[in-house]
file coords_31.csv (CSV, C-alpha atoms and all ligand atoms)
chain,number,residue,atom,x,y,z
A,46,MET,CA,0.0,0.0,0.0
A,47,LEU,CA,1.0,3.6,-0.3
A,48,ALA,CA,1.9,5.4,2.9
A,49,ALA,CA,3.5,8.5,4.1
A,50,VAL,CA,6.4,7.7,6.4
A,51,TYR,CA,9.2,9.3,8.4
A,52,GLY,CA,12.2,7.9,10.1
A,53,ASP,CA,15.2,6.0,8.7
A,54,ASP,CA,18.6,4.9,9.7
A,55,ALA,CA,19.4,8.4,10.9
A,56,GLY,CA,16.1,9.0,12.6
A,57,SER,CA,15.0,11.6,10.0
A,58,THR,CA,11.8,13.5,10.5
A,59,ASP,CA,11.3,14.2,6.8
A,60,LEU,CA,8.0,12.9,5.3
A,61,ARG,CA,8.0,10.9,2.1
A,62,VAL,CA,5.5,8.6,0.4
A,63,ARG,CA,6.5,5.0,-0.4
A,64,GLU,CA,5.1,1.5,-0.8
A,65,ILE,CA,5.0,-0.5,2.5
A,66,ASP,CA,3.4,-3.8,3.5
A,67,THR,CA,-0.4,-3.6,4.0
A,68,PRO,CA,-1.0,-4.4,7.7
A,69,GLU,CA,-3.0,-7.4,8.8
A,70,PRO,CA,-5.6,-7.1,11.7
A,71,GLY,CA,-4.7,-9.2,14.7
A,72,PRO,CA,-7.0,-10.4,17.5
A,73,ASP,CA,-9.8,-7.9,18.3
A,74,GLU,CA,-8.5,-5.5,15.5
A,75,VAL,CA,-10.0,-4.2,12.3
A,76,ARG,CA,-8.4,-2.9,9.1
A,77,VAL,CA,-9.7,0.3,7.6
A,78,ARG,CA,-9.4,1.4,4.0
A,79,VAL,CA,-8.7,5.1,4.8
A,80,ALA,CA,-10.6,7.6,2.8
A,81,ILE,CA,-9.4,10.7,4.6
A,82,SER,CA,-6.7,11.3,7.2
A,83,GLY,CA,-7.1,14.2,9.6
A,84,VAL,CA,-4.1,16.2,10.7
A,85,ASN,CA,-3.7,17.6,14.3
A,86,PRO,CA,-0.9,19.4,16.1
A,87,THR,CA,0.0,16.2,17.9
A,88,ASP,CA,1.0,14.7,14.5
A,89,TRP,CA,3.7,17.2,13.6
A,90,LYS,CA,4.8,17.5,17.3
A,91,ALA,CA,5.2,13.7,17.6
A,92,ARG,CA,7.2,13.8,14.4
A,93,LYS,CA,9.5,16.7,15.3
A,94,ARG,CA,9.7,16.5,19.0
A,95,THR,CA,10.0,12.8,19.8
A,96,PRO,CA,13.4,11.5,18.8
A,97,LEU,CA,13.0,8.3,16.8
A,98,PRO,CA,15.5,5.5,17.3
A,99,PRO,CA,17.5,4.9,14.2
A,100,GLY,CA,15.9,2.4,11.9
A,101,ARG,CA,12.3,2.9,13.1
A,102,VAL,CA,9.9,4.1,10.4
A,103,VAL,CA,6.5,5.6,11.4
A,104,VAL,CA,3.3,6.3,9.5
A,105,PRO,CA,1.9,9.5,11.1
A,106,ASN,CA,-1.6,10.8,11.9
A,107,GLN,CA,-4.0,9.7,14.7
A,108,ASP,CA,-7.3,10.6,13.1
A,109,GLY,CA,-9.1,9.3,9.9
A,110,ALA,CA,-12.2,7.9,8.4
A,111,GLY,CA,-12.9,5.1,5.9
A,112,THR,CA,-14.4,1.7,5.5
A,113,ILE,CA,-13.6,-1.6,7.4
A,114,ASP,CA,-12.2,-4.1,4.8
A,115,ALA,CA,-10.9,-6.9,7.1
A,116,VAL,CA,-11.3,-8.0,10.7
A,117,GLY,CA,-9.1,-10.0,13.0
A,118,PRO,CA,-10.0,-13.0,15.2
A,119,GLY,CA,-12.7,-12.1,17.7
A,120,VAL,CA,-14.4,-9.4,15.5
A,121,SER,CA,-17.6,-10.1,13.7
A,122,PRO,CA,-17.2,-10.3,9.9
A,123,ALA,CA,-20.5,-8.3,9.8
A,124,ARG,CA,-18.3,-5.3,10.4
A,125,ILE,CA,-16.7,-5.5,7.0
A,126,GLY,CA,-18.0,-2.7,4.8
A,127,GLU,CA,-18.9,-0.5,7.9
A,128,ARG,CA,-18.1,3.2,7.5
A,129,VAL,CA,-16.0,4.3,10.6
A,130,TRP,CA,-14.0,7.0,12.1
A,131,VAL,CA,-10.9,6.0,14.0
A,132,LEU,CA,-8.9,7.3,17.0
A,133,MET,CA,-5.3,7.1,18.1
A,134,ALA,CA,-4.3,5.2,15.0
A,135,ALA,CA,-0.6,6.2,15.0
A,136,HIS,CA,-0.6,5.6,18.8
A,137,HIS,CA,-1.6,2.0,18.0
A,138,GLY,CA,1.2,1.7,15.4
A,139,HIS,CA,-0.5,2.3,12.1
A,140,GLY,CA,-1.1,6.0,11.4
A,141,THR,CA,-3.9,7.1,9.0
A,142,ALA,CA,-1.6,8.7,6.4
A,143,ALA,CA,-1.8,5.5,4.5
A,144,GLN,CA,-4.2,3.6,2.3
A,145,TYR,CA,-4.9,1.2,5.2
A,146,THR,CA,-4.7,1.4,9.0
A,147,VAL,CA,-5.2,-1.2,11.7
A,148,VAL,CA,-6.8,-0.3,15.0
A,149,PRO,CA,-8.5,-2.1,17.9
A,150,ALA,CA,-12.1,-2.8,16.9
A,151,ALA,CA,-13.3,-0.6,19.8
A,152,HIS,CA,-11.4,2.4,18.2
A,153,ALA,CA,-13.2,2.1,14.9
A,154,ILE,CA,-16.4,3.9,15.6
A,155,PRO,CA,-19.5,3.5,13.2
A,156,LEU,CA,-20.1,6.7,11.2
A,157,PRO,CA,-23.7,7.2,10.1
A,158,ASP,CA,-24.4,7.2,6.4
A,159,ASP,CA,-25.3,10.9,6.4
A,160,ALA,CA,-22.0,11.9,8.1
A,161,ALA,CA,-19.2,12.7,5.7
A,162,PHE,CA,-15.7,11.1,5.9
A,163,GLU,CA,-14.4,14.7,6.2
A,164,LEU,CA,-16.3,15.0,9.5
A,165,GLY,CA,-15.2,11.5,10.6
A,166,ALA,CA,-11.6,12.4,10.1
A,167,SER,CA,-12.0,15.6,12.2
A,168,LEU,CA,-13.4,13.8,15.3
A,169,GLY,CA,-10.8,11.8,17.1
A,170,VAL,CA,-8.3,14.1,18.8
A,171,PRO,CA,-10.4,17.3,18.8
A,172,ALA,CA,-13.9,15.9,19.8
A,173,LEU,CA,-12.6,13.4,22.3
A,174,THR,CA,-10.4,16.0,24.0
A,175,ALA,CA,-13.3,18.5,24.1
A,176,SER,CA,-15.8,15.9,25.4
A,177,TYR,CA,-13.4,14.9,28.2
A,178,CYS,CA,-12.8,18.6,29.2
A,179,LEU,CA,-16.5,19.3,29.3
A,180,ASN,CA,-17.8,16.2,31.1
A,181,THR,CA,-15.2,14.9,33.5
A,182,ASP,CA,-16.5,16.9,36.4
A,183,GLY,CA,-20.2,16.4,35.5
A,184,SER,CA,-22.3,17.4,32.5
A,185,PRO,CA,-22.1,20.9,31.1
A,186,ALA,CA,-25.9,21.0,30.9
A,187,ASP,CA,-27.2,24.3,32.3
A,188,ARG,CA,-23.7,25.4,33.0
A,189,VAL,CA,-21.8,28.5,31.7
A,190,VAL,CA,-18.9,27.3,29.6
A,191,LEU,CA,-15.9,29.3,28.4
A,192,VAL,CA,-14.0,27.9,25.4
A,193,SER,CA,-10.7,29.6,24.8
A,194,GLY,CA,-9.5,29.5,21.2
A,195,GLY,CA,-13.0,28.9,20.0
A,196,ALA,CA,-12.0,28.6,16.3
A,197,GLY,CA,-9.4,25.9,16.9
A,198,ALA,CA,-10.2,22.3,16.2
A,199,VAL,CA,-10.7,21.4,19.9
A,200,GLY,CA,-12.4,24.7,20.6
A,201,HIS,CA,-14.8,24.2,17.7
A,202,ALA,CA,-15.7,20.8,18.9
A,203,ALA,CA,-16.1,22.0,22.5
A,204,ILE,CA,-18.6,24.7,21.5
A,205,GLU,CA,-20.7,22.3,19.4
A,206,LEU,CA,-20.6,19.6,22.1
A,207,ALA,CA,-21.5,22.1,24.9
A,208,ARG,CA,-24.4,23.3,22.7
A,209,VAL,CA,-25.9,19.9,22.1
A,210,GLN,CA,-25.4,18.9,25.8
A,211,GLY,CA,-27.5,21.9,26.8
A,212,ALA,CA,-25.0,24.4,28.2
A,213,ARG,CA,-26.8,27.5,29.4
A,214,HIS,CA,-24.3,30.0,27.9
A,215,ILE,CA,-21.2,29.5,25.9
A,216,VAL,CA,-18.4,32.1,25.7
A,217,ALA,CA,-15.6,31.7,23.2
A,218,THR,CA,-12.4,33.7,23.1
A,219,VAL,CA,-10.6,34.4,19.8
A,220,SER,CA,-8.0,36.8,18.4
A,221,THR,CA,-9.5,37.9,15.0
A,222,PRO,CA,-12.9,38.7,13.4
A,223,GLU,CA,-12.5,35.6,11.1
A,224,LYS,CA,-12.1,33.4,14.1
A,225,ALA,CA,-15.0,35.2,15.9
A,226,GLU,CA,-17.3,34.3,13.0
A,227,LEU,CA,-16.3,30.6,13.2
A,228,ALA,CA,-17.0,30.5,16.9
A,229,ARG,CA,-20.4,32.1,16.4
A,230,ALA,CA,-21.2,29.7,13.6
A,231,ALA,CA,-20.4,26.8,16.0
A,232,GLY,CA,-22.9,28.1,18.5
A,233,ALA,CA,-21.1,30.4,20.9
A,234,ASP,CA,-23.5,32.9,22.5
A,235,THR,CA,-20.7,35.4,23.4
A,236,VAL,CA,-17.4,35.9,21.5
A,237,VAL,CA,-14.7,38.0,23.0
A,238,ASN,CA,-11.2,38.9,21.7
A,239,TYR,CA,-9.0,37.8,24.6
A,240,ARG,CA,-6.5,40.5,23.7
A,241,ASP,CA,-9.0,43.3,24.5
A,242,ALA,CA,-8.1,45.1,27.7
A,243,ASP,CA,-11.6,44.8,29.0
A,244,ALA,CA,-12.1,41.1,28.0
A,245,ALA,CA,-13.0,40.2,31.6
A,246,GLU,CA,-15.6,42.9,31.8
A,247,GLN,CA,-17.1,41.8,28.5
A,248,ILE,CA,-17.4,38.2,29.7
A,249,ARG,CA,-18.8,39.1,33.1
A,250,GLY,CA,-21.3,41.4,31.5
A,251,ALA,CA,-22.6,38.5,29.4
A,252,VAL,CA,-22.7,35.7,31.9
A,253,GLY,CA,-23.6,37.3,35.2
A,254,ASP,CA,-22.7,34.9,38.0
A,255,GLY,CA,-19.5,33.7,36.2
A,256,VAL,CA,-18.2,30.8,34.3
A,257,ASP,CA,-18.5,27.2,35.6
A,258,ARG,CA,-16.4,25.3,33.0
A,259,PHE,CA,-13.3,26.4,31.1
A,260,VAL,CA,-11.9,24.4,28.2
A,261,GLU,CA,-8.5,26.0,28.3
A,262,VAL,CA,-6.0,26.0,25.4
A,263,ALA,CA,-3.4,28.4,26.9
A,264,LEU,CA,-3.5,28.2,30.7
A,265,HIS,CA,-0.2,30.2,31.2
A,266,GLU,CA,-1.7,33.1,29.2
A,267,ASN,CA,-5.3,32.9,30.3
A,268,LEU,CA,-5.4,31.9,34.0
A,269,GLU,CA,-5.7,35.6,35.1
A,270,LEU,CA,-8.7,36.1,32.7
A,271,ASP,CA,-10.2,32.8,33.8
A,272,LEU,CA,-10.0,33.7,37.5
A,273,ALA,CA,-11.4,37.1,36.8
A,274,VAL,CA,-14.6,35.5,35.4
A,275,ALA,CA,-14.8,32.2,37.3
A,276,ALA,CA,-17.9,31.2,39.3
A,277,GLN,CA,-17.5,29.4,42.7
A,278,HIS,CA,-16.6,25.7,42.1
A,279,ALA,CA,-15.5,26.4,38.6
A,280,VAL,CA,-13.4,23.8,36.8
A,281,VAL,CA,-10.5,24.9,34.5
A,282,THR,CA,-9.3,22.0,32.3
A,283,SER,CA,-6.0,22.7,30.6
A,284,TYR,CA,-5.3,20.5,27.5
A,285,ALA,CA,-2.4,22.2,25.7
A,286,ALA,CA,1.2,23.0,26.6
A,287,ASP,CA,2.6,25.2,23.9
A,288,GLU,CA,5.6,27.0,25.1
A,289,PRO,CA,6.0,28.8,27.4
A,290,SER,CA,3.9,26.3,29.4
A,291,ILE,CA,4.7,27.4,32.9
A,292,ALA,CA,1.8,29.0,34.7
A,293,HIS,CA,1.8,31.2,37.8
A,294,VAL,CA,-0.9,29.8,40.1
A,295,PRO,CA,-2.2,32.3,42.7
A,296,VAL,CA,-3.2,29.7,45.3
A,297,ARG,CA,-5.4,31.8,47.6
A,298,ARG,CA,-7.5,33.0,44.7
A,299,LEU,CA,-8.1,29.4,43.6
A,300,MET,CA,-8.9,28.4,47.2
A,301,SER,CA,-11.4,31.2,47.6
A,302,LEU,CA,-13.2,30.1,44.5
A,303,ASN,CA,-13.0,26.4,45.5
A,304,LEU,CA,-11.7,26.1,41.9
A,305,THR,CA,-10.5,22.8,40.3
A,306,LEU,CA,-7.5,23.0,38.0
A,307,ARG,CA,-7.5,19.9,35.9
A,308,PHE,CA,-5.0,18.8,33.2
A,309,MET,CA,-5.5,16.2,30.6
A,310,LEU,CA,-3.6,14.3,27.9
A,311,LEU,CA,-5.8,12.2,25.6
A,312,TYR,CA,-3.4,9.3,25.3
A,313,THR,CA,-3.6,8.6,29.0
A,314,VAL,CA,-7.1,9.4,30.0
A,315,PRO,CA,-8.7,6.5,32.0
A,316,PRO,CA,-10.4,3.9,29.7
A,317,ALA,CA,-13.9,4.5,31.2
A,318,GLN,CA,-13.6,8.3,30.5
A,319,LEU,CA,-12.3,7.6,27.0
A,320,ARG,CA,-15.4,5.4,26.3
A,321,ASP,CA,-17.6,8.1,27.7
A,322,ALA,CA,-16.0,10.7,25.4
A,323,ILE,CA,-16.5,8.3,22.4
A,324,GLU,CA,-20.2,7.7,23.3
A,325,ARG,CA,-20.9,11.5,23.7
A,326,THR,CA,-19.2,12.2,20.4
A,327,THR,CA,-21.1,9.4,18.7
A,328,ASP,CA,-24.4,10.7,20.1
A,329,ALA,CA,-23.5,14.3,18.9
A,330,VAL,CA,-22.7,13.0,15.4
A,331,ALA,CA,-26.0,11.1,15.3
A,332,ALA,CA,-27.8,14.2,16.3
A,333,GLY,CA,-26.2,16.1,13.5
A,334,ALA,CA,-24.6,18.5,16.0
A,335,LEU,CA,-21.0,18.3,14.9
A,336,THR,CA,-19.6,20.1,11.8
A,337,THR,CA,-16.2,20.5,10.2
A,338,LEU,CA,-14.3,23.7,10.2
A,339,PRO,CA,-13.5,25.1,6.7
A,340,LEU,CA,-11.4,22.4,5.1
A,341,HIS,CA,-7.8,22.6,3.7
A,342,ARG,CA,-7.4,19.5,1.5
A,343,PHE,CA,-4.1,18.0,0.6
A,344,THR,CA,-3.1,14.8,-1.4
A,345,LEU,CA,-0.9,12.2,0.2
A,346,GLU,CA,2.0,13.4,-1.8
A,347,GLN,CA,1.5,16.8,-0.2
A,348,ILE,CA,1.7,15.4,3.4
A,349,ALA,CA,4.7,17.6,4.3
A,350,GLU,CA,2.7,20.7,3.3
A,351,ALA,CA,-0.3,19.5,5.3
A,352,HIS,CA,1.8,19.0,8.4
A,353,ASP,CA,3.4,22.4,7.9
A,354,ALA,CA,0.0,24.0,7.5
A,355,VAL,CA,-1.1,22.7,10.9
A,356,GLU,CA,2.3,23.7,12.5
A,357,ARG,CA,1.7,27.3,11.2
A,358,GLY,CA,-1.7,27.4,12.8
A,359,ALA,CA,-4.0,27.1,9.7
A,360,VAL,CA,-7.5,28.4,10.4
A,361,GLY,CA,-9.7,25.4,9.7
A,362,LYS,CA,-9.2,21.7,9.4
A,363,VAL,CA,-6.3,20.2,7.5
A,364,ILE,CA,-7.2,16.8,5.9
A,365,ILE,CA,-5.5,14.5,3.4
A,366,ASP,CA,-7.4,12.6,0.7
A,367,LEU,CA,-6.0,9.0,0.3
A,368,PRO,CA,-5.6,7.7,-3.2
A,401,LIG,N1,-3.9,17.3,25.8
A,401,LIG,C1,-4.3,16.7,24.7
A,401,LIG,O1,-4.5,15.5,24.7
A,401,LIG,C2,-4.5,17.5,23.5
A,401,LIG,C3,-5.5,17.1,22.6
A,401,LIG,C4,-5.8,18.0,21.5
A,401,LIG,C5,-5.0,19.1,21.3
A,401,LIG,N2,-4.0,19.4,22.2
A,401,LIG,C6,-3.1,20.6,22.0
A,401,LIG,O2,-4.0,21.6,22.0
A,401,LIG,C7,-3.6,22.7,21.2
A,401,LIG,C8,-4.7,23.1,20.3
A,401,LIG,O3,-5.1,22.0,19.4
A,401,LIG,P1,-6.0,22.3,18.2
A,401,LIG,O4,-6.1,21.1,17.4
A,401,LIG,O5,-7.3,22.9,18.7
A,401,LIG,O6,-5.2,23.5,17.4
A,401,LIG,P2,-5.7,24.6,16.5
A,401,LIG,O7,-6.8,24.1,15.6
A,401,LIG,O8,-4.5,25.2,15.8
A,401,LIG,O9,-6.3,25.7,17.4
A,401,LIG,C9,-5.6,26.4,18.4
A,401,LIG,C10,-6.4,27.6,18.7
A,401,LIG,O10,-5.9,28.2,20.0
A,401,LIG,C11,-6.0,29.6,19.8
A,401,LIG,N3,-5.1,30.3,20.8
A,401,LIG,C12,-3.8,30.3,20.9
A,401,LIG,N4,-3.4,31.0,22.0
A,401,LIG,C13,-4.5,31.4,22.6
A,401,LIG,C14,-4.8,32.1,23.8
A,401,LIG,N5,-3.8,32.6,24.5
A,401,LIG,N6,-6.1,32.3,24.2
A,401,LIG,C15,-7.1,31.8,23.4
A,401,LIG,N7,-6.9,31.1,22.3
A,401,LIG,C16,-5.6,30.9,21.9
A,401,LIG,C17,-5.5,29.8,18.4
A,401,LIG,O11,-6.0,31.1,17.9
A,401,LIG,P3,-5.1,32.4,18.1
A,401,LIG,O12,-3.7,32.1,18.0
A,401,LIG,O13,-5.6,33.3,16.9
A,401,LIG,O14,-5.6,32.9,19.3
A,401,LIG,C18,-6.2,28.7,17.7
A,401,LIG,O15,-7.5,29.1,17.2
A,401,LIG,C19,-2.4,22.2,20.5
A,401,LIG,O16,-1.2,22.6,21.2
A,401,LIG,C20,-2.5,20.7,20.6
A,401,LIG,O17,-1.2,20.0,20.6
A,401,LIG,C21,-3.7,18.6,23.3
call {"tool": "encode", "arguments": {"input": "coords_31.csv", "output": "structure tokens", "more": "lines below"}}
Ligand SMILES: NC(=O)c1ccc[n+]([C@@H]2O[C@H](COP(=O)([O-])OP(=O)(O)OC[C@H]3O[C@@H](n4cnc5c(N)ncnc54)[C@H](OP(=O)(O)O)[C@@H]3O)[C@@H](O)[C@H]2O)c1
result
Amino acid sequence: MLAAVYGDDAGSTDLRVREIDTPEPGPDEVRVRVAISGVNPTDWKARKRTPLPPGRVVVPNQDGAGTIDAVGPGVSPARIGERVWVLMAAHHGHGTAAQYTVVPAAHAIPLPDDAAFELGASLGVPALTASYCLNTDGSPADRVVLVSGGAGAVGHAAIELARVQGARHIVATVSTPEKAELARAAGADTVVNYRDADAAEQIRGAVGDGVDRFVEVALHENLELDLAVAAQHAVVTSYAADEPSIAHVPVRRLMSLNLTLRFMLLYTVPPAQLRDAIERTTDAVAAGALTTLPLHRFTLEQIAEAHDAVERGAVGKVIIDLP
């Protein structure tokens, strides 16, 4: 099969396309003919920041969507032909930047006929992260939610999931009018430029008693703003660590608010909570509540450009069409 790979005898991080063996599904695994691979920041970061041992070759990308074409022992053959979205494919050893990937059967999630592969390839990392951040301390129903970076992939999913789960008010923060429009289209009630000097006043004016849940992309930059608008018993969940990633934590102010500061990394969330996030995402797709950001399409041959686009902070969703 054709696959994008990196790694060689010198541990190179350069991407190239080549023929490699098509993987076979093992026990409790399925093989998926990938239609679309989704690119996330984790994909270029894993490639550039994690030193590869010489000789190891990696197919990148965690997210994707396609059709099951083979099943391993223990999986019903009735699943062959099922449209699915997959999660953590590269983490399992077979990234989605290839014509075929193999994942545990439980990580190939049915995609309804009316949901496009483009949406399926946008779900894994962003929607599961967003769902975990929103739900781990109880449902966001009837809560005030603040999503920082509301036009990012995780932020977009967080707004849409909070909306379908019945959040009372959703605030999104952004840095440009273009991103404000995307956050509004996703369902944010209030959109604020986090660089405005009066950002806290704007948020407090919109939400009254304060924010209950924060889905936080830049804790080190936003903790002051979050504390200025937090309600008692608020939960701030931090899911990103772009540099500088050292936050100053004013302990007494957090104590006074009885505030929970939570951190998460998708690859290590407890299995029960991962299953919960998958279920909530599945329900939201079935309800037609999740959409894609504007798409930036690349071919497999253009994978290096696709990774570069994500690294540069492309506004929208970067996807790769598999041949
Ligand atoms: N912990 C995990 O398991 C996990 C899971 C998914 C993603 N992540 C990480 O989370 C980050 C975001 O991922 P993504 O896929 O959503 O990326 P993305 O699509 O590039 O979105 C990032 C968004 O954050 C915004 N942003 C940056 N600094 C901000 C600030 N100080 N306040 C508010 N918004 C800010 C950006 O817009 P502006 O720059 O215009 O503000 C952009 O819209 C990445 O670092 C990724 O590696 C971690």
call {"tool": "residues_around", "arguments": {"input": "coords_31.csv", "residues": "His152 of chain A", "least_positions_apart": "4", "cutoff": "8 Å", "atoms": "all atoms listed in the file", "output": "number ranges by chain"}}
result
A: 131-133, 148
call {"tool": "closest_residue", "arguments": {"input": "coords_31.csv", "among": "A:Pro222, A:Gly197, A:Pro339, A:Gly100", "to": "ligand LIG 401 (chain A)", "atoms": "all atoms listed in the file"}}
result
A:Gly197
call {"tool": "atom_distance", "arguments": {"input": "coords_31.csv", "atom1": "atom CA of Tyr239 of chain A", "atom2": "atom O3 of ligand LIG 401 (chain A)"}}
result
17.1 Å
call {"tool": "residues_near_point", "arguments": {"input": "coords_31.csv", "point": "(-11.6, 13.5, 13.9)", "cutoff": "10 Å", "atoms": "all atoms listed in the file", "output": "VMD selection string"}}
result
chain A and resid 81 to 85 107 to 110 130 to 133 162 to 173 198 to 199 202 337 362 364
call {"tool": "atom_distance", "arguments": {"input": "coords_31.csv", "atom1": "atom CA of Val236 of chain A", "atom2": "atom CA of Val260 of chain A"}}
result
14.4 Å
call {"tool": "closest_residue", "arguments": {"input": "coords_31.csv", "among": "A:Ala80, A:Val103, A:Val129, A:Leu338", "to": "Asp158 of chain A", "atoms": "all atoms listed in the file"}}
result
A:Val129
